[in-house]
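Structure file upload_10.cif (mmCIF, C-alpha atoms and all ligand atoms) is printed below.
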data_upload
loop_
_atom_site.label_atom_id
_atom_site.label_comp_id
_atom_site.auth_asym_id
_atom_site.auth_seq_id
_atom_site.Cartn_x
_atom_site.Cartn_y
_atom_site.Cartn_z
CA MET E 1 0.00 0.00 0.00
CA THR E 2 2.64 2.51 0.99
CA LEU E 3 4.63 2.28 -2.25
CA ALA E 4 1.46 3.19 -4.13
CA ARG E 5 1.74 6.64 -2.55
CA GLN E 6 2.34 9.68 -4.71
CA HIS E 7 6.06 9.61 -4.05
CA GLN E 8 8.30 6.61 -4.60
CA ILE E 9 10.74 7.22 -1.77
CA GLN E 10 10.97 4.34 0.68
CA VAL E 11 10.61 5.45 4.28
CA VAL E 12 12.76 3.29 6.53
CA ALA E 13 12.23 3.28 10.29
CA HIS E 14 15.67 3.64 11.87
CA ARG E 15 15.87 1.23 14.85
CA GLY E 16 12.05 1.16 14.57
CA ALA E 17 9.94 4.25 15.28
CA SER E 18 12.77 5.15 17.61
CA GLU E 19 11.80 8.70 18.37
CA ASP E 20 8.57 7.53 19.98
CA ALA E 21 9.47 4.10 21.32
CA PRO E 22 12.65 2.54 22.75
CA GLU E 23 14.97 1.75 19.84
CA HIS E 24 15.34 -1.83 18.61
CA THR E 25 12.39 -3.12 20.63
CA LEU E 26 9.37 -4.95 19.28
CA ALA E 27 7.31 -1.96 20.43
CA ALA E 28 9.34 0.36 18.18
CA TYR E 29 9.02 -1.94 15.16
CA LYS E 30 5.30 -2.57 15.64
CA LYS E 31 4.75 1.16 15.84
CA ALA E 32 6.82 1.73 12.70
CA VAL E 33 4.70 -0.78 10.76
CA ASP E 34 1.51 0.77 12.11
CA ASP E 35 2.82 4.21 11.13
CA GLY E 36 3.16 3.00 7.53
CA ALA E 37 6.95 2.61 7.23
CA ASP E 38 8.01 0.80 4.06
CA ALA E 39 10.99 -0.82 5.75
CA LEU E 40 12.56 -1.39 9.16
CA GLU E 41 16.24 -0.79 9.91
CA CYS E 42 18.03 -2.78 12.60
CA ASP E 43 21.58 -3.32 13.82
CA VAL E 44 22.65 -6.83 14.70
CA ARG E 45 25.31 -8.12 17.07
CA LEU E 46 26.32 -11.58 18.20
CA THR E 47 25.86 -12.61 21.82
CA ALA E 48 28.46 -14.74 23.62
CA ASP E 49 26.36 -17.82 22.83
CA GLY E 50 25.94 -17.02 19.15
CA HIS E 51 22.52 -15.35 18.86
CA LEU E 52 21.95 -12.29 16.71
CA VAL E 53 20.27 -9.56 18.71
CA CYS E 54 19.16 -6.09 17.67
CA VAL E 55 21.34 -3.71 19.66
CA HIS E 56 23.18 -0.67 18.33
CA ASP E 57 25.91 -0.03 20.90
CA ARG E 58 28.72 -2.40 21.78
CA ARG E 59 27.46 -2.30 25.36
CA VAL E 60 23.92 -2.50 26.72
CA ASN E 61 24.50 0.35 29.21
CA ARG E 62 22.67 3.13 27.34
CA THR E 63 19.55 1.24 26.30
CA SER E 64 18.90 -1.14 29.18
CA ASN E 65 19.12 -1.40 32.94
CA GLY E 66 22.15 -3.67 32.60
CA ARG E 67 25.84 -3.27 31.93
CA GLY E 68 28.39 -4.96 29.74
CA ALA E 69 29.23 -5.80 26.15
CA VAL E 70 26.67 -7.72 24.11
CA SER E 71 29.48 -10.01 22.97
CA ALA E 72 30.23 -10.95 26.61
CA LEU E 73 26.61 -11.68 27.54
CA GLU E 74 24.46 -14.70 26.73
CA LEU E 75 20.95 -14.38 25.38
CA ALA E 76 19.52 -15.42 28.77
CA ASP E 77 21.47 -12.56 30.44
CA LEU E 78 20.08 -10.08 27.93
CA ALA E 79 16.57 -11.46 28.31
CA ALA E 80 16.69 -10.55 32.01
CA LEU E 81 17.21 -6.86 31.16
CA ASP E 82 14.68 -4.11 30.59
CA PHE E 83 15.27 -2.32 27.25
CA GLY E 84 12.22 -0.06 27.62
CA SER E 85 12.27 2.05 30.76
CA TRP E 86 15.33 4.12 29.82
CA LYS E 87 13.34 5.69 26.98
CA ARG E 88 10.59 6.75 29.31
CA HIS E 89 13.08 8.46 31.62
CA HIS E 90 14.92 9.94 28.66
CA ASN E 91 11.81 11.45 27.12
CA GLU E 92 10.48 12.69 30.44
CA ALA E 93 13.78 14.45 31.07
CA GLU E 94 14.11 15.78 27.52
CA GLU E 95 10.56 16.65 26.68
CA GLY E 96 8.49 16.38 29.82
CA GLU E 97 6.53 13.59 28.16
CA GLY E 98 5.17 10.68 30.13
CA PRO E 99 2.34 8.21 29.94
CA ASP E 100 0.48 9.98 27.09
CA TRP E 101 3.47 9.56 24.89
CA GLU E 102 3.75 5.92 25.92
CA ARG E 103 0.11 5.23 25.16
CA SER E 104 0.46 6.78 21.72
CA ALA E 105 3.34 4.41 21.04
CA GLY E 106 1.09 1.54 22.09
CA ALA E 107 3.05 0.22 25.04
CA ASP E 108 3.88 0.81 28.65
CA PHE E 109 7.62 1.01 28.65
CA GLY E 110 7.80 1.41 32.38
CA ALA E 111 5.95 -1.83 33.01
CA GLY E 112 8.95 -4.12 33.01
CA LEU E 113 9.82 -7.08 30.93
CA GLY E 114 7.03 -7.66 28.47
CA GLU E 115 8.09 -9.03 25.10
CA ASP E 116 7.68 -5.57 23.59
CA THR E 117 10.50 -4.09 25.65
CA SER E 118 12.87 -6.96 26.27
CA VAL E 119 15.87 -7.72 24.10
CA LEU E 120 14.85 -8.33 20.51
CA THR E 121 16.42 -11.18 18.59
CA LEU E 122 16.72 -10.89 14.83
CA GLU E 123 14.70 -14.08 14.64
CA ARG E 124 11.76 -12.45 16.43
CA LEU E 125 12.00 -9.40 14.18
CA LEU E 126 11.92 -11.65 11.11
CA GLU E 127 8.82 -13.31 12.56
CA LEU E 128 7.16 -9.91 12.96
CA VAL E 129 7.97 -9.01 9.35
CA ALA E 130 6.67 -12.39 8.15
CA GLU E 131 3.45 -11.94 10.19
CA ARG E 132 2.86 -8.47 8.79
CA ASN E 133 3.65 -9.54 5.22
CA ALA E 134 1.31 -12.54 5.55
CA SER E 135 -1.47 -10.14 6.50
CA GLY E 136 -0.99 -8.27 3.24
CA ARG E 137 1.23 -5.47 4.53
CA GLN E 138 4.47 -5.18 2.57
CA VAL E 139 7.33 -4.32 4.84
CA ARG E 140 11.03 -4.74 4.13
CA LEU E 141 13.96 -5.20 6.45
CA ALA E 142 17.35 -3.45 6.22
CA ILE E 143 19.78 -5.31 8.48
CA GLU E 144 23.09 -3.69 9.46
CA THR E 145 25.98 -5.92 10.56
CA LYS E 146 27.78 -4.25 13.46
CA HIS E 147 31.50 -4.83 14.00
CA PRO E 148 31.57 -7.86 11.73
CA THR E 149 35.38 -7.85 11.47
CA ARG E 150 35.66 -8.85 15.11
CA TRP E 151 33.76 -12.07 14.41
CA ALA E 152 35.53 -13.18 11.22
CA GLY E 153 32.44 -14.14 9.29
CA GLN E 154 30.27 -15.48 12.11
CA VAL E 155 27.81 -12.57 12.02
CA GLU E 156 27.18 -13.06 8.30
CA GLU E 157 27.04 -16.85 8.64
CA ARG E 158 24.43 -16.69 11.37
CA LEU E 159 22.51 -13.99 9.51
CA LEU E 160 22.33 -16.01 6.30
CA MET E 161 21.28 -19.11 8.23
CA LEU E 162 18.36 -17.20 9.73
CA LEU E 163 17.38 -15.63 6.41
CA LYS E 164 17.42 -19.08 4.83
CA ARG E 165 15.09 -20.38 7.50
CA PHE E 166 12.64 -17.63 6.56
CA GLY E 167 13.15 -18.19 2.82
CA LEU E 168 14.70 -14.75 2.43
CA ASP E 169 18.32 -15.54 1.60
CA ALA E 170 18.02 -15.82 -2.18
CA PRO E 171 15.66 -13.23 -3.66
CA PRO E 172 15.25 -13.04 -7.45
CA ALA E 173 18.13 -11.11 -9.06
CA GLU E 174 15.76 -8.51 -10.49
CA GLY E 175 13.07 -6.63 -8.62
CA PRO E 176 12.68 -5.66 -4.98
CA SER E 177 13.90 -7.89 -2.19
CA PRO E 178 12.17 -8.04 1.19
CA VAL E 179 15.59 -7.96 2.89
CA ARG E 180 18.85 -6.10 2.32
CA VAL E 181 22.08 -6.15 4.27
CA MET E 182 23.93 -2.97 5.18
CA SER E 183 27.39 -2.36 6.55
CA PHE E 184 30.21 0.16 6.85
CA SER E 185 32.45 -2.85 6.17
CA ALA E 186 32.94 -3.72 2.50
CA ARG E 187 34.33 -7.06 3.66
CA SER E 188 31.12 -7.91 5.50
CA LEU E 189 29.06 -7.12 2.39
CA HIS E 190 31.42 -9.18 0.29
CA ARG E 191 30.91 -12.17 2.58
CA VAL E 192 27.14 -11.80 2.27
CA ARG E 193 27.27 -11.63 -1.52
CA ALA E 194 29.67 -14.55 -1.75
CA ALA E 195 27.14 -16.71 0.10
CA SER E 196 24.03 -15.16 -1.38
CA PRO E 197 24.77 -13.28 -4.63
CA THR E 198 21.27 -11.90 -5.20
CA LEU E 199 20.77 -10.43 -1.73
CA PRO E 200 21.01 -6.63 -2.11
CA THR E 201 23.76 -4.94 -0.11
CA VAL E 202 24.09 -1.36 1.06
CA TYR E 203 27.50 0.24 1.55
CA LEU E 204 27.23 2.73 4.41
CA MET E 205 29.44 5.82 4.31
CA GLN E 206 30.30 8.27 7.09
CA PHE E 207 32.41 10.24 4.62
CA VAL E 208 33.40 9.83 0.97
CA SER E 209 36.76 8.17 0.63
CA PRO E 210 38.86 9.07 -2.45
CA ARG E 211 38.19 5.69 -4.04
CA HIS E 212 34.42 6.31 -4.01
CA ARG E 213 34.50 9.96 -5.05
CA ASP E 214 33.41 9.19 -8.60
CA GLY E 215 30.29 7.38 -7.38
CA ARG E 216 31.63 3.86 -7.71
CA LEU E 217 31.13 1.46 -4.79
CA PRO E 218 32.83 -1.80 -3.78
CA ALA E 219 32.27 -4.46 -6.47
CA GLY E 220 28.79 -5.96 -6.47
CA VAL E 221 27.22 -3.41 -4.10
CA ARG E 222 23.95 -2.09 -5.51
CA ILE E 223 23.03 0.55 -2.98
CA ALA E 224 24.87 3.50 -1.43
CA GLY E 225 24.10 4.52 2.14
CA PRO E 226 25.59 7.97 2.63
CA ALA E 227 25.26 9.84 5.91
CA LEU E 228 23.01 12.89 5.72
CA ARG E 229 26.09 15.03 6.35
CA ILE E 230 27.55 13.91 2.99
CA VAL E 231 24.34 14.76 1.16
CA ARG E 232 24.12 18.18 2.80
CA ASN E 233 27.76 19.07 2.08
CA HIS E 234 27.99 17.47 -1.37
CA PRO E 235 24.50 17.38 -2.87
CA GLY E 236 25.99 16.58 -6.31
CA TYR E 237 27.23 13.27 -4.94
CA VAL E 238 23.73 11.78 -5.04
CA ALA E 239 23.56 12.33 -8.82
CA LYS E 240 27.03 10.80 -9.19
CA LEU E 241 25.96 7.68 -7.34
CA LYS E 242 22.81 7.42 -9.41
CA ARG E 243 24.72 7.89 -12.67
CA ALA E 244 26.93 5.01 -11.57
CA GLY E 245 23.74 2.92 -11.35
CA HIS E 246 23.26 2.86 -7.59
CA GLN E 247 20.24 3.44 -5.44
CA VAL E 248 20.81 5.99 -2.68
CA HIS E 249 19.54 5.42 0.87
CA VAL E 250 20.30 8.34 3.21
CA TRP E 251 20.54 8.21 7.02
CA THR E 252 19.48 9.57 9.47
CA VAL E 253 17.00 12.12 8.18
CA ASN E 254 14.69 13.59 10.81
CA GLU E 255 14.27 17.30 10.09
CA PRO E 256 11.73 18.56 7.52
CA GLU E 257 14.33 20.63 5.62
CA ASP E 258 16.51 17.55 5.21
CA VAL E 259 13.56 15.43 4.05
CA GLU E 260 12.87 18.13 1.47
CA LEU E 261 16.50 18.16 0.32
CA CYS E 262 16.50 14.36 -0.06
CA ALA E 263 13.26 14.47 -2.03
CA GLU E 264 14.63 17.19 -4.32
CA LEU E 265 17.76 15.17 -4.96
CA GLY E 266 15.70 12.09 -5.83
CA VAL E 267 17.08 9.71 -3.22
CA ASP E 268 15.50 6.25 -3.15
CA ALA E 269 15.13 5.81 0.60
CA ILE E 270 15.07 7.98 3.68
CA ILE E 271 16.13 6.32 6.91
CA THR E 272 14.53 8.13 9.82
CA ASN E 273 13.63 7.92 13.51
CA ARG E 274 10.29 9.57 12.63
CA PRO E 275 8.64 7.49 9.90
CA LYS E 276 5.16 8.89 10.49
CA GLN E 277 6.21 12.53 10.18
CA VAL E 278 8.37 11.86 7.14
CA LEU E 279 5.56 10.00 5.36
CA THR E 280 3.15 12.85 6.09
CA GLN E 281 5.63 15.40 4.76
CA LEU E 282 6.43 13.43 1.60
CA ASP E 283 2.75 12.97 0.85
CA ARG E 284 2.34 16.73 0.90
CA LEU E 285 5.30 17.55 -1.35
O1 LIG Z 1 21.05 3.12 8.58
C1 LIG Z 1 22.39 3.38 8.72
C2 LIG Z 1 22.68 3.96 10.06
O2 LIG Z 1 21.91 3.28 11.01
C3 LIG Z 1 24.12 3.86 10.41
O3 LIG Z 1 24.43 4.47 11.62
O4 LIG Z 1 25.12 4.39 13.95
O5 LIG Z 1 22.71 4.54 13.42
O6 LIG Z 1 23.95 2.43 13.00
P1 LIG Z 1 24.04 3.93 13.06
CA CA Z 2 22.22 1.17 12.01
#

Kindly transcribe the structure held in the file into structure tokens.
Amino acid sequence: MTLARQHQIQVVAHRGASEDAPEHTLAAYKKAVDDGADALECDVRLTADGHLVCVHDRRVNRTSNGRGAVSALELADLAALDFGSWKRHHNEAEEGEGPDWERSAGADFGAGLGEDTSVLTLERLLELVAERNASGRQVRLAIETKHPTRWAGQVEERLLMLLKRFGLDAPPAEGPSPVRVMSFSARSLHRVRAASPTLPTVYLMQFVSPRHRDGRLPAGVRIAGPALRIVRNHPGYVAKLKRAGHQVHVWTVNEPEDVELCAELGVDAIITNRPKQVLTQLDRL
């Protein structure tokens, strides 16, 4: 339904609807789907016992009531933590918002360890996407491998195993794929393509290195993922990437003037913490 909108820009919910709900929780992803996001972005890390979980930081300190590196904790340790309450305290402190804001996001983040606010495994997120797609709602998933070099291929191996289980590891070579894999690491993307050549990959860029200045990306990568900063400072770079045959997915775009800039430049996807607001703005442009 959403891609039948007037505009063709994919709106991707960054860590879920992460402005409203605690990032990388089921609550944030459910809200993003309900808000109409075309795709969901998530970061994945390996736990000490080999599970892929959706956590951005190396440590759980910022987004849970626990401490320690994800890589040093087992899934059972993470499952005992609360990944929701911090957001309530954060928003109350930042914006004076409390229960009303929580209700609008469809969850009570202060309530403890419901499934919606406990650690989210990639497997559970894939189930959510499968459930929503089975009900007729088309939603895609953009999965970012975090610190894959540390694990020498294990992150990609585990990821591809899971995708295979869901029948998502080998999309047709042409046409849209329900899943894409993103990384700042060209090596990680290379590993993914070596195992699954038709799975689209997104090369994330914090800055433009000399070897990519002409718009070319690492071999086999279809999609460029420049930081918003690059697009603001070098708007001509989007056209260069497109001339080189790449789609352009920009992160993280939250402010209306930046959404407008991205739309003017003809980017293919906007990755945002505010999917609802961005969709409303794009529909008006
Ligand atoms: O979508 C790409 C973007 O998420 C990369 O930055 O730090 O939010 O993972 P980060
Ligand atoms: Ca990310």

Centre and edges of the ligand LIG 1 (chain Z) box, axis-aligned, 3 Å extra per side, as AutoDock Vina command-line options:
--center_x 23.1 --center_y 3.5 --center_z 11.3 --size_x 10.1 --size_y 8.1 --size_z 11.4

When the cut-off is 6 Å and you count all atoms listed in the file, which residues lie near ligand CA 2 (chain Z), shown as a PDB file with C-alpha atoms, keeping the file's coordinate frame?
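Output contents, as saved in selection-v7.pdb:
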ATOM      1  CA  CYS E  42      18.030  -2.780  12.600  1.00  0.00           C
ATOM      2  CA  ASP E  43      21.580  -3.320  13.820  1.00  0.00           C
ATOM      3  CA  GLU E 144      23.090  -3.690   9.460  1.00  0.00           C
TER       4      GLU E 144
END

*May I have the residues within 8 Å of Leu241 in chain E as a PyMOL selection string, using all atoms listed in the file and disregarding those fewer than 4 positions away in the same chain?*
chain E and resi 214-216+224+237+245-248

*May I ask you to write as a PyMOL selection string all residues lying at most 10 Å from ligand LIG 1 (chain Z), with all atoms listed in the file counted?*
chain E and resi 12-15+40-44+55-57+142-146+182-184+202-206+225-228+249-253+270-273

*Determine the nearest neighbour of Glu257 in chain E from the options E:Val155, E:Leu125, E:Ala269, E:Leu282, counting all atoms listed in the file.*
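The answer is E:Leu282, which sits nearest to Glu257 in chain E.
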
*Mind pulling up the distance from CA of His7 in chain E to CA of Pro256 in chain E?*
15.7 Å

Contacts of Ala27 in chain E at 7 Å or less, counting all atoms listed in the file, minus same-chain residues fewer than 3 places along, as a PDB file with C-alpha atoms, in the coordinates of the input?
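This went into selection_23.pdb:
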ATOM      1  CA  ALA E  21       9.470   4.100  21.320  1.00  0.00           C
ATOM      2  CA  LYS E  30       5.300  -2.570  15.640  1.00  0.00           C
ATOM      3  CA  LYS E  31       4.750   1.160  15.840  1.00  0.00           C
ATOM      4  CA  ALA E 107       3.050   0.220  25.040  1.00  0.00           C
ATOM      5  CA  ASP E 116       7.680  -5.570  23.590  1.00  0.00           C
ATOM      6  CA  THR E 117      10.500  -4.090  25.650  1.00  0.00           C
TER       7      THR E 117
END

*Near Gly167 in chain E, within 12 Å and counting only C-alpha atoms, which residues show up once chain neighbours fewer than 3 positions away are dropped, as a VMD selection string?*
chain E and resid 126 to 127 130 160 to 164 170 to 172 177 to 179 199
